[in-house]
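K.L.:
One file is attached below, protein06.txt, containing compact mmCIF, C-alpha atoms.
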```txt
# COMPACT_ATOMS: atom_id res chain seq x y z
CA MET A 27 84.67 -28.98 -99.48
CA SER A 28 83.26 -31.92 -101.46
CA GLU A 29 81.02 -29.48 -103.38
CA ARG A 30 84.03 -27.51 -104.59
CA SER A 31 85.87 -30.56 -105.87
CA SER A 32 82.80 -31.83 -107.68
CA ASP A 33 82.20 -28.38 -109.27
CA GLY A 34 85.84 -28.11 -110.31
CA ALA A 35 85.73 -31.58 -111.83
CA ALA A 36 82.52 -30.74 -113.68
CA GLU A 37 84.05 -27.56 -115.10
CA SER A 38 87.21 -29.27 -116.34
CA ASN A 39 85.21 -32.12 -117.86
CA SER A 40 82.87 -29.74 -119.69
CA LYS A 41 85.82 -28.10 -121.50
CA ARG A 42 87.13 -31.43 -122.74
CA PRO A 43 85.32 -32.92 -125.77
CA ASP A 44 83.59 -36.24 -125.19
CA ARG A 45 85.43 -39.20 -126.67
CA ARG A 46 83.29 -41.57 -128.63
CA GLY A 47 84.66 -45.08 -128.84
CA PRO A 48 88.21 -46.32 -128.40
CA PRO A 49 91.25 -44.16 -129.11
CA PRO A 50 92.29 -44.00 -132.77
CA ASN A 51 94.73 -46.54 -134.17
CA PRO A 52 97.99 -44.96 -135.44
CA ILE A 53 97.99 -47.26 -138.48
CA HIS A 54 94.85 -45.47 -139.75
CA HIS A 55 96.61 -42.09 -139.80
CA PRO A 56 96.70 -40.67 -143.35
CA LEU A 57 100.47 -40.11 -143.25
CA PHE A 58 101.40 -43.59 -141.96
CA LEU A 59 101.74 -45.25 -145.38
CA PRO A 60 103.59 -42.36 -147.08
CA VAL A 61 106.15 -42.21 -144.25
CA LEU A 62 106.61 -45.97 -144.41
CA LEU A 63 107.07 -45.87 -148.19
CA VAL A 64 109.63 -43.06 -147.91
CA ALA A 65 111.57 -45.08 -145.34
CA PHE A 66 111.64 -48.13 -147.61
CA THR A 67 112.65 -46.01 -150.60
CA MET A 68 115.50 -44.43 -148.66
CA TRP A 69 116.65 -47.87 -147.51
CA PHE A 70 116.59 -49.26 -151.06
CA GLY A 71 118.46 -46.18 -152.32
CA TYR A 72 121.11 -46.52 -149.64
CA ASP A 73 121.59 -50.23 -150.31
CA ALA A 74 121.58 -49.72 -154.07
CA PHE A 75 124.00 -46.83 -154.43
CA LEU A 76 125.88 -46.10 -151.19
CA THR A 77 126.71 -49.44 -149.60
CA THR A 78 130.23 -50.83 -149.93
CA ASP A 79 129.67 -54.11 -148.07
CA PRO A 80 130.82 -56.95 -150.36
CA GLU A 81 128.09 -59.26 -149.04
CA MET A 82 125.42 -56.80 -150.17
CA LEU A 83 126.72 -56.47 -153.73
CA GLU A 84 124.80 -59.58 -154.80
CA HIS A 85 121.55 -57.80 -153.85
CA GLN A 86 122.46 -54.52 -155.53
CA ASN A 87 120.36 -55.08 -158.68
CA PHE A 88 117.28 -55.94 -156.61
CA ASN A 89 117.71 -52.80 -154.50
CA ARG A 90 118.15 -50.63 -157.59
CA MET A 91 114.99 -52.02 -159.20
CA MET A 92 112.99 -51.59 -155.99
CA TYR A 93 114.28 -48.03 -155.61
CA LEU A 94 113.11 -47.19 -159.13
CA ILE A 95 109.71 -48.81 -158.47
CA MET A 96 109.18 -47.20 -155.06
CA GLN A 97 110.20 -43.67 -156.04
CA PRO A 98 107.13 -42.86 -158.20
CA ILE A 99 104.86 -44.53 -155.67
CA CYS A 100 106.24 -42.24 -152.96
CA PHE A 101 105.89 -39.14 -155.12
CA ARG A 102 102.24 -40.04 -155.68
CA SER A 103 101.33 -41.07 -152.13
CA ILE A 104 102.92 -38.15 -150.24
CA PRO A 105 100.68 -35.38 -151.66
CA ARG A 106 97.61 -37.61 -151.29
CA GLY A 107 98.43 -38.34 -147.65
CA ILE A 108 99.03 -34.67 -146.86
CA ALA A 109 95.78 -33.65 -148.58
CA GLU A 110 93.84 -36.29 -146.66
CA PHE A 111 95.45 -35.22 -143.38
CA LEU A 112 94.57 -31.56 -143.97
CA GLU A 113 91.02 -32.51 -144.95
CA ASP A 114 90.62 -34.53 -141.74
CA GLU A 115 91.94 -31.57 -139.73
CA GLN A 116 89.41 -29.21 -141.37
CA VAL A 117 86.55 -31.62 -140.68
CA ALA A 118 87.62 -31.89 -137.04
CA ALA A 119 87.89 -28.09 -136.76
CA ARG A 120 84.36 -27.66 -138.18
CA ALA A 121 83.03 -30.27 -135.75
CA GLN A 122 84.65 -28.41 -132.83
CA ALA A 123 83.11 -25.09 -133.85
```
Output the file's structure in the form of structure tokens.
P.N.:
Amino acid sequence: MSERSSDGAAESNSKRPDRRGPPPNPIHHPLFLPVLLVAFTMWFGYDAFLTTDPEMLEHQNFNRMMYLIMQPICFRSIPRGIAEFLEDEQVAARAQA
């Protein structure tokens, strides 16, 4: 019976690719920064144009300026992040084949 369990374990391990090194850090994902920038841009846009809280009105000009600064940065970083992600996926698919 011990032979069967060792053979079954060997078969399941041979199908799984060998991991080299520690697991990847999520901060190094190509879409991490674009998603973070979009979140900040949405927050600045909300605070700049949609908030009605009287305490936040003193920060309205700052939020409007940051929204206008962050918007082009987001429009530039999103396609770059997607292209890098797709490139990484193609490299991984070629390595698997």
K.L.:
To one decimal place, how far is CA of His55 in chain A from CA of Leu112 in chain A in Å?
P.N.:
11.5 Å
K.L.:
Grab the CA of His85 in chain A to CA of Leu57 in chain A distance for me, in Å with one decimal place.
P.N.:
29.5 Å
K.L.:
Could you check the closest approach to Phe66 in chain A for each of A:Ala118, A:Ala123, A:Met96, A:Met82 and tell me which residue wins, using only C-alpha atoms?
P.N.:
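Closest residue, counting only C-alpha atoms: A:Met96.
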K.L.:
Which one of A:Pro56, A:Trp69, A:Glu81, A:Val117 sits closest to Pro105 in chain A if you count all atoms listed in the file?
P.N.:
A:Pro56
K.L.:
Could you work out how far CA of Glu84 in chain A lies from CA of Gly71 in chain A, giving the answer in Å with one decimal?
P.N.:
15.0 Å
K.L.:
Smallest atom-to-atom distance to Asp73 in chain A: which of A:Met91, A:Ile108, A:Leu59, A:Cys100, using only C-alpha atoms?
P.N.:
A:Met91
K.L.:
Find the residues near Arg106 in chain A: any atom within 9 Å, counting all atoms listed in the file, skip ones fewer than 3 places away on the same chain, and give them as an MDAnalysis selection string.
P.N.:
chainID A and resid 56:57 60 102:103 109:111
K.L.:
If you take every atom of range 54-73 of chain A that the file lists and fit an axis-aligned box around them with 5 Å extra on each side, what centre and edge lengths come out in Å to one decimal, as lines of an AutoDock Vina configuration file?
P.N.:
```
center_x = 108.2
center_y = -45.2
center_z = -146.0
size_x = 36.7
size_y = 20.1
size_z = 22.6
```
